[in-house]
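Enquirer: Take this structure, written in structure tokens, and hold onto it; I'll ask about it next.
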Amino acid sequence: MQIQSKPNILYIGASDGFFSREILRGILSMRHEGCDWNFWCLPSDSSLEDLKDCLQMRNVDGIIARGLPENISIYLSKSSHPCVFIRAGENDSAAYINGPHPDDEMVGKLAGEAFSILNLDYWGFIHWKGVMWSEARKNFFETHAAARGVRNAVLSLEKKDQLSWTSVKEIATWLNKIPKPCGILACNDKAGLDVLQACQMLALRVPDDVAVIGVDNDRLICESSTVSLSSIDLKAANTGRAAAVQLGKMLGIIDASSAPPISEASYIVRQSSQKVDNHQLIYQKALDYISSRPLRNIKVTELAKACGVSRRSLERAFAGCDSDSPAAVIRKSRVETIIELLQEKSSSIESIAGQAGFSDAAGLSNFVKRITGKNPGSFRQ
């Protein structure tokens, strides 16, 4: 297949919902790192006929897909188009899945560590049947519970009951039977909100009787309840970035040694898992905002606005939770990410400078030397 100077890339998948949009954001962010291509989107529920028309009319060179019907995925996997399939809800028999996916093992690890610190000796997991990522998270969570000698229960919800009031009632019935205090990990944030509603129905105290942790860190969901929901942030945009790099390598437009900047999953503490003061909540929200924009030269006033507080309140929160100021934490995050990119050696210093918002390589060099005392070149050796 003839690859043009600017390849035509098709993303086939959902573009609504937090996780899907984060993946799409990650894919698009790689345009600044060697993925200079024409980019088109097609809904995941498109028919095979529509897909065939799109492939022909758009002269598509490569595809990133997520959550497609099995017949369409199999068709694409047998086609001549390079394809990266990101896992969605497929089961283990979906052999065509070849792309990156979030670190589900870290979900079990981080939640297990959090419940262990809280000295909870009874854990539970809310599982969505028929969903591969929920199954993986359940298995890893059970493994961590067994390693710590902790009793663990699982509530598996049928597909028809997921995201419904029936789900809340089933969770309430289940919660009423298990020992308290306990720690409950939900397969995602939406299921976590169902747990919080069930606790309210039963007049259970959160987090004293039931500590709850979700997954995804969808801030609009996590902060929509009266008791804000703690969550495991999987950094979903990383999955999109990794998929873009994988496809770029398949097309020969990205060096085989290239790797996107990746940040590990993290545990975001809110009121549902442990008692936290307002300063800690503000501080955690600020770190979350910074880590999702590691190369941005974020202004302190912008950070305060994102946290919904004044600059002075933000600075007080950092004073109570960190030895560094907001500005220092922003600089540290930025320079650490720049150093990671420099060490990869796959991108020029000029390219990294542009991605980090500097007008030229000299600006990047001055910033790195001022913070670290070293020239950028020293990190590439």
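Residue names in the structure tokens use chain letters A, B, ... in the order shown, residue numbers from 1 in each chain, and ligand numbers from 1 in the order shown.
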Name the residues of region 159-367 of chain A that come out as alpha helix (DSSP H) in a backbone DSSP run; write them as a PyMOL selection string.

Expert: chain A and resi 165-177+189-201+219-222+236-251+278-291+300-307+311-321+326-344+349-355+361-367

Enquirer: Write a file of the selected residues as a short mmCIF file (atom, residue, chain, number, x, y, z; two decimals), in the first residue's frame, keeping C-alpha atoms.

Expert:
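Saved result, selection11.cif, follows:
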data_model
loop_
_atom_site.label_atom_id
_atom_site.label_comp_id
_atom_site.auth_asym_id
_atom_site.auth_seq_id
_atom_site.Cartn_x
_atom_site.Cartn_y
_atom_site.Cartn_z
CA TRP A 165 -31.42 1.55 39.73
CA THR A 166 -31.54 -2.24 39.91
CA SER A 167 -27.76 -2.13 40.30
CA VAL A 168 -28.06 0.16 43.33
CA LYS A 169 -30.62 -2.14 44.97
CA GLU A 170 -28.52 -5.26 44.32
CA ILE A 171 -25.46 -3.56 45.80
CA ALA A 172 -27.48 -2.49 48.85
CA THR A 173 -28.70 -6.06 49.45
CA TRP A 174 -25.14 -7.37 49.09
CA LEU A 175 -23.60 -4.66 51.30
CA ASN A 176 -26.12 -5.34 54.04
CA LYS A 177 -24.81 -8.91 54.38
CA ASP A 189 -16.47 5.35 38.77
CA LYS A 190 -20.08 4.85 37.65
CA ALA A 191 -20.28 1.64 39.66
CA GLY A 192 -18.61 3.50 42.53
CA LEU A 193 -21.43 6.06 42.57
CA ASP A 194 -23.91 3.17 42.76
CA VAL A 195 -22.08 1.94 45.87
CA LEU A 196 -22.33 5.39 47.46
CA GLN A 197 -26.07 5.48 46.73
CA ALA A 198 -26.49 2.03 48.22
CA CYS A 199 -24.67 3.15 51.37
CA GLN A 200 -27.04 6.11 51.64
CA MET A 201 -30.06 3.79 51.32
CA ARG A 219 -13.74 14.21 37.94
CA LEU A 220 -17.27 15.19 36.90
CA ILE A 221 -18.55 11.88 38.30
CA CYS A 222 -16.23 11.65 41.29
CA ALA A 236 -6.36 6.86 29.88
CA ALA A 237 -4.74 9.37 27.53
CA ASN A 238 -1.57 7.27 27.83
CA THR A 239 -3.39 4.43 26.07
CA GLY A 240 -4.24 6.74 23.17
CA ARG A 241 -0.68 8.01 22.95
CA ALA A 242 0.72 4.48 22.98
CA ALA A 243 -1.72 3.40 20.24
CA ALA A 244 -0.67 6.34 18.06
CA VAL A 245 3.00 5.47 18.49
CA GLN A 246 2.31 1.79 17.70
CA LEU A 247 0.49 2.70 14.49
CA GLY A 248 3.20 5.21 13.56
CA LYS A 249 5.80 2.45 13.84
CA MET A 250 3.66 0.12 11.71
CA LEU A 251 3.46 2.83 9.03
CA ASN A 278 -10.11 20.57 52.57
CA HIS A 279 -6.45 21.42 52.03
CA GLN A 280 -5.67 17.84 51.06
CA LEU A 281 -8.57 17.74 48.61
CA ILE A 282 -7.39 20.95 46.95
CA TYR A 283 -3.80 19.69 46.86
CA GLN A 284 -4.82 16.37 45.32
CA LYS A 285 -6.93 18.10 42.68
CA ALA A 286 -3.98 20.35 41.84
CA LEU A 287 -1.61 17.39 41.44
CA ASP A 288 -4.18 15.66 39.26
CA TYR A 289 -4.41 18.73 37.00
CA ILE A 290 -0.62 19.07 36.76
CA SER A 291 0.01 15.38 36.04
CA VAL A 300 -0.44 29.28 39.30
CA THR A 301 -3.55 31.40 38.72
CA GLU A 302 -4.74 28.88 36.10
CA LEU A 303 -4.14 26.03 38.54
CA ALA A 304 -6.07 27.80 41.30
CA LYS A 305 -9.00 28.41 38.95
CA ALA A 306 -9.02 24.73 37.90
CA CYS A 307 -9.22 23.79 41.60
CA ARG A 311 -4.42 31.61 44.55
CA ARG A 312 -3.93 32.22 48.27
CA SER A 313 -6.08 29.21 49.18
CA LEU A 314 -4.10 27.07 46.74
CA GLU A 315 -0.81 28.18 48.28
CA ARG A 316 -2.12 27.44 51.78
CA ALA A 317 -3.16 23.96 50.68
CA PHE A 318 0.34 23.29 49.33
CA ALA A 319 1.93 24.69 52.46
CA GLY A 320 -0.01 22.15 54.51
CA CYS A 321 0.67 19.15 52.23
CA PRO A 326 2.61 25.22 43.43
CA ALA A 327 5.04 26.88 41.01
CA ALA A 328 7.89 24.59 42.11
CA VAL A 329 5.74 21.45 41.66
CA ILE A 330 4.72 22.60 38.17
CA ARG A 331 8.37 23.21 37.22
CA LYS A 332 9.43 19.83 38.64
CA SER A 333 6.72 17.94 36.73
CA ARG A 334 7.59 19.75 33.54
CA VAL A 335 11.34 19.21 33.71
CA GLU A 336 10.97 15.54 34.68
CA THR A 337 8.80 14.90 31.61
CA ILE A 338 11.22 16.79 29.37
CA ILE A 339 14.11 14.69 30.71
CA GLU A 340 12.15 11.49 29.99
CA LEU A 341 11.69 12.62 26.38
CA LEU A 342 15.35 13.59 26.08
CA GLN A 343 16.44 10.19 27.35
CA GLU A 344 14.33 8.42 24.73
CA ILE A 349 15.50 18.73 20.98
CA GLU A 350 13.69 21.16 18.67
CA SER A 351 10.66 18.85 18.56
CA ILE A 352 10.63 18.45 22.34
CA ALA A 353 10.94 22.22 22.75
CA GLY A 354 7.87 22.77 20.57
CA GLN A 355 5.86 20.14 22.44
CA ALA A 361 15.61 24.81 21.48
CA ALA A 362 17.51 27.57 23.27
CA GLY A 363 14.50 28.30 25.47
CA LEU A 364 14.23 24.63 26.42
CA SER A 365 17.98 24.45 27.07
CA ASN A 366 17.91 27.48 29.37
CA PHE A 367 14.93 26.07 31.31
#

Enquirer: Set the distance at 10 Å and use only C-alpha atoms: which residues neighbour Met132 (chain A) once local chain neighbours fewer than 4 positions away are removed? I'd like the list as JSON, numbers by chain.

Expert: {"A": [87, 88, 89, 90, 91, 92, 94, 128, 136, 137, 138]}

Enquirer: Determine, counting only C-alpha atoms, which protein, DNA and RNA residues have an atom within 10 Å of an atom of region 232-235 of chain A; residues of the same chain fewer than 4 positions away are not included. Present the result as a PyMOL selection string.

Expert: chain A and resi 19+22-23+26+101-104+106-108+110-111+185+188-189+213-219+239-240+262-269+288+291-292

Enquirer: The selected residues should be written to file as a tab-separated table (two decimals), in the first residue's frame (atoms: C-alpha atoms).

Expert:
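again.tsv written:
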chain	number	residue	atom	x	y	z
A	19	PHE	CA	-12.55	7.15	29.05
A	22	GLU	CA	-9.33	10.64	27.07
A	23	ILE	CA	-8.08	7.98	24.68
A	26	GLY	CA	-4.08	11.01	23.85
A	101	HIS	CA	-4.54	-1.11	27.38
A	102	PRO	CA	-4.59	0.39	30.89
A	103	ASP	CA	-2.64	-1.32	33.66
A	104	ASP	CA	-5.43	-3.26	35.38
A	106	MET	CA	-2.21	-1.43	39.20
A	107	VAL	CA	-5.92	-1.07	40.02
A	108	GLY	CA	-5.78	-4.06	42.35
A	110	LEU	CA	-3.30	0.62	44.52
A	111	ALA	CA	-6.74	-0.18	45.96
A	185	LEU	CA	-13.49	-1.34	44.97
A	188	ASN	CA	-15.29	1.99	37.45
A	189	ASP	CA	-16.47	5.35	38.77
A	213	ILE	CA	-12.84	3.51	45.56
A	214	GLY	CA	-13.76	3.76	41.87
A	215	VAL	CA	-11.64	3.56	38.72
A	216	ASP	CA	-11.01	6.12	35.92
A	217	ASN	CA	-10.97	9.35	37.96
A	218	ASP	CA	-13.69	11.00	35.91
A	219	ARG	CA	-13.74	14.21	37.94
A	239	THR	CA	-3.39	4.43	26.07
A	240	GLY	CA	-4.24	6.74	23.17
A	262	ILE	CA	3.91	7.72	30.13
A	263	SER	CA	2.86	8.42	33.71
A	264	GLU	CA	1.80	5.61	36.04
A	265	ALA	CA	-1.69	5.07	37.38
A	266	SER	CA	-2.27	6.82	40.69
A	267	TYR	CA	-4.67	6.75	43.61
A	268	ILE	CA	-6.70	9.96	43.94
A	269	VAL	CA	-7.87	10.38	47.52
A	288	ASP	CA	-4.18	15.66	39.26
A	291	SER	CA	0.01	15.38	36.04
A	292	SER	CA	-2.53	15.39	33.19

Enquirer: Name all residues at most 10 Å from Ile63 (chain A) (count only C-alpha atoms; drop same-chain ones fewer than 3 positions away) and give them as a PyMOL selection string.

Expert: chain A and resi 8-12+39-41+55+60+76+81-85+243-244+247

Enquirer: Near Ser228 (chain A), counting only C-alpha atoms, which residues have an atom at most 7 Å away, once you skip same-chain residues fewer than 5 positions from it, shown as a list in words?

Expert: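 The residues satisfying every condition are Cys222, Glu223, Arg270, Gln271 and Ser272 of chain A.
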
Enquirer: What does the distance from CA of Arg151 (chain A) to CA of Tyr122 (chain A) come to in Å, to one decimal?

Expert: 5.0 Å

Enquirer: As an exercise, work out the distance from CA of Asn375 (chain A) to CA of Ala256 (chain A) in Å and give it to one decimal place.

Expert: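 Spanning CA of Asn375 (chain A) to CA of Ala256 (chain A) is a straight-line distance of 26.0 Å.
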
Enquirer: Run DSSP on the backbone and grab whatever in region 99-214 of chain A lands in strand (DSSP E); send it over as an MDAnalysis selection string.

Expert: chainID A and resid 122:128 151:157 182:186 210:214

Enquirer: With C-alpha atoms retained, write the just-selected residues as an mmCIF file, in the first residue's frame.

Expert:
data_model
loop_
_atom_site.group_PDB
_atom_site.id
_atom_site.type_symbol
_atom_site.label_atom_id
_atom_site.label_comp_id
_atom_site.auth_asym_id
_atom_site.auth_seq_id
_atom_site.Cartn_x
_atom_site.Cartn_y
_atom_site.Cartn_z
ATOM 1 C CA TYR A 122 -12.738 -7.293 54.621
ATOM 2 C CA TRP A 123 -12.770 -6.171 50.980
ATOM 3 C CA GLY A 124 -15.323 -6.323 48.184
ATOM 4 C CA PHE A 125 -15.415 -5.787 44.435
ATOM 5 C CA ILE A 126 -18.293 -4.659 42.196
ATOM 6 C CA HIS A 127 -17.911 -6.526 38.906
ATOM 7 C CA TRP A 128 -19.643 -6.054 35.553
ATOM 8 C CA ARG A 151 -11.353 -11.897 53.104
ATOM 9 C CA ASN A 152 -12.840 -10.703 49.844
ATOM 10 C CA ALA A 153 -16.323 -10.816 48.311
ATOM 11 C CA VAL A 154 -17.437 -10.120 44.734
ATOM 12 C CA LEU A 155 -20.787 -8.905 43.459
ATOM 13 C CA SER A 156 -21.189 -9.641 39.744
ATOM 14 C CA LEU A 157 -23.861 -7.585 37.982
ATOM 15 C CA CYS A 182 -15.034 -2.894 54.769
ATOM 16 C CA GLY A 183 -13.355 -1.533 51.669
ATOM 17 C CA ILE A 184 -15.196 -1.708 48.326
ATOM 18 C CA LEU A 185 -13.486 -1.336 44.972
ATOM 19 C CA ALA A 186 -15.880 -0.676 42.078
ATOM 20 C CA VAL A 210 -17.678 1.433 54.015
ATOM 21 C CA ALA A 211 -14.650 2.890 52.231
ATOM 22 C CA VAL A 212 -15.263 3.170 48.483
ATOM 23 C CA ILE A 213 -12.841 3.510 45.560
ATOM 24 C CA GLY A 214 -13.756 3.763 41.870
#

Enquirer: How far is it from CA of Cys187 (chain A) to CA of Ser73 (chain A), in Å with one decimal?

Expert: 25.1 Å

Enquirer: Can you work out which one of A:Lys129, A:Arg66, A:Arg58, A:Lys52 has the shortest atom-to-atom distance to Asn98 (chain A), counting only C-alpha atoms?

Expert: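 Going through A:Lys129, A:Arg66, A:Arg58, A:Lys52 one by one, the smallest distance to Asn98 (chain A) is for A:Arg66.
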
Enquirer: Which residues come within 7 Å of Pro181 (chain A), counting only C-alpha atoms, excluding same-chain residues fewer than 6 positions away, as a list in words?

Expert: Leu120, Asp208, Asp209 and Val210 of chain A

Enquirer: What would the file look like if the residues just selected were written as a PDB file, in the first residue's frame with N, CA and C atoms?

Expert:
ATOM      1  N   LEU A 120      -8.346  -2.333  56.946  1.00  0.00           N
ATOM      2  CA  LEU A 120      -9.616  -3.001  56.665  1.00  0.00           C
ATOM      3  C   LEU A 120      -9.334  -4.470  56.347  1.00  0.00           C
ATOM      4  N   ASP A 208     -16.482   5.539  57.252  1.00  0.00           N
ATOM      5  CA  ASP A 208     -16.289   4.816  58.514  1.00  0.00           C
ATOM      6  C   ASP A 208     -16.743   3.361  58.422  1.00  0.00           C
ATOM      7  N   ASP A 209     -17.944   3.136  57.876  1.00  0.00           N
ATOM      8  CA  ASP A 209     -18.442   1.768  57.731  1.00  0.00           C
ATOM      9  C   ASP A 209     -17.979   1.142  56.414  1.00  0.00           C
ATOM     10  N   VAL A 210     -18.033   1.931  55.357  1.00  0.00           N
ATOM     11  CA  VAL A 210     -17.678   1.433  54.015  1.00  0.00           C
ATOM     12  C   VAL A 210     -16.787   2.458  53.328  1.00  0.00           C
TER      13      VAL A 210
END
